[in-house]
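A.B. asks: I'd like to ask some things about the structure below.
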Amino acid sequence: MGADVQFSRALLVEDEPALAAALKIALARLKIPEILHATTLADARKSIETSPCDLLILDRNLPDGDGLELCDELRKDGFRGTVLCLTAKGEPDDRVAGLDSGADDYLPKPFHWEELAARIRALSRRRDPEATRAITEPPKLWKLDSARLKILGPKGWVELTPLEFKLATHLIQAEGAIVSREELLKEVWGFRFLPKTRTTDYFLGRLRKYFETNPDEPRHFLTVRGAGYRFSAEPESNPPG
Ligand code: CA
């Protein structure tokens, strides 16, 4: 039995170098085209953010925490990839905790390599094809993560201050429509009486720095002279006048 698995990108989170090296070879034998490796939870988070995976092989004892934290976090975020926990913690209670935090399978160390391969093949048969599709498609831009105050723009995820996030969200949600300075001062800043201020211009400048390839020639956060601002999801040149 050696059918190839259908995963297209695996992330291996393992801090023991020798075991990680052996696991990479085992995953490559299963013909998984891309195998990424992280040694800490922080690295794994970064990796998933920039390069989503559809198979996550997760150790539990990591230098900066328990792998299950990551699993739990990813599932709450809607992660649809397959998670296999691989760990020295093999007591029934540990397995229960693993499965409850959203792992699809749990294999205690030490394990047989044949069993690992067979489990990954079995997981591949019942994987969520959406998770694989999401990897091959470019990410949809202007995703809002209000829990972490982050927005996915053309230059990747950007973390904003609460006020910047509120402003950006207001403009993004009004996509295509002109939003006046007065509206922003009322809705975002909560002013009841409108001061004469350059505040909105200043903050628009900050958003452009975060999201525009060339902040001096904005193509998303546009100024409409005499009227206010307009957000365009697709890059657009600033309209004259
Ligand atoms: Ca470990």
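All residue names refer to the structure tokens as shown: chains lettered A, B, ... in order, residues numbered from 1 in each chain, ligands numbered from 1 in order.
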Identify, on the basis of only C-alpha atoms, every residue whose closest approach to segment 161-172 of chain A does not exceed 12 Å; exclude the query and any residue fewer than 2 positions from it along the same chain; express the result as a PyMOL selection string.
C.D. replies: chain A and resi 141-153+158-159+174-181+183-190+199-211+220-223+228-234
A.B. asks: Around ligand 1, out to 7 Å and counting only C-alpha atoms and all ligand atoms, which residues are there? I want them as a VMD selection string.
C.D. replies: chain A and resid 14 to 16 59 to 62
A.B. asks: Write the residues of the preceding selection, restricted to C-alpha atoms, as an mmCIF file, in the first residue's frame.
C.D. replies:
```
data_model
loop_
_atom_site.group_PDB
_atom_site.id
_atom_site.type_symbol
_atom_site.label_atom_id
_atom_site.label_comp_id
_atom_site.auth_asym_id
_atom_site.auth_seq_id
_atom_site.Cartn_x
_atom_site.Cartn_y
_atom_site.Cartn_z
ATOM 1 C CA GLU A 14 9.611 19.835 15.961
ATOM 2 C CA ASP A 15 12.523 21.109 18.037
ATOM 3 C CA GLU A 16 14.685 17.966 18.146
ATOM 4 C CA ASP A 59 5.207 18.265 18.612
ATOM 5 C CA ARG A 60 3.843 19.198 22.035
ATOM 6 C CA ASN A 61 6.959 19.944 24.100
ATOM 7 C CA LEU A 62 8.276 23.028 22.328
#
```
A.B. asks: Write out as a PyMOL selection string which residues come within 9 Å of Gly81 of chain A when counting only C-alpha atoms, dropping same-chain ones fewer than 2 positions away.
C.D. replies: chain A and resi 52-56+79+83+127-132
A.B. asks: Give the answer as one residue: which of A:Leu12, A:Ala44, A:Val5, A:Ala117 has the shortest atom-to-atom distance to Gly65 of chain A, using only C-alpha atoms?
C.D. replies: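 Going through A:Leu12, A:Ala44, A:Val5, A:Ala117 one by one, the smallest distance to Gly65 of chain A is for A:Ala44.
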A.B. asks: When you look at segment 98-102 of chain A with a cut-off of 10 Å (counting only C-alpha atoms), what residues show up, excluding the ones that are within fewer than 4 positions of it in the same chain? I need them as a list of chain:residue names.
C.D. replies: A:Arg60, A:Gly67, A:Leu68, A:Glu69, A:Leu70, A:Cys71, A:Asp72, A:Glu73, A:Leu74, A:Arg75, A:Lys76, A:Phe79, A:Thr82, A:Val83, A:Leu84, A:Cys85, A:Leu86, A:Lys89, A:Gly90, A:Pro92, A:Asp93, A:Asp94, A:Tyr106, A:Leu107
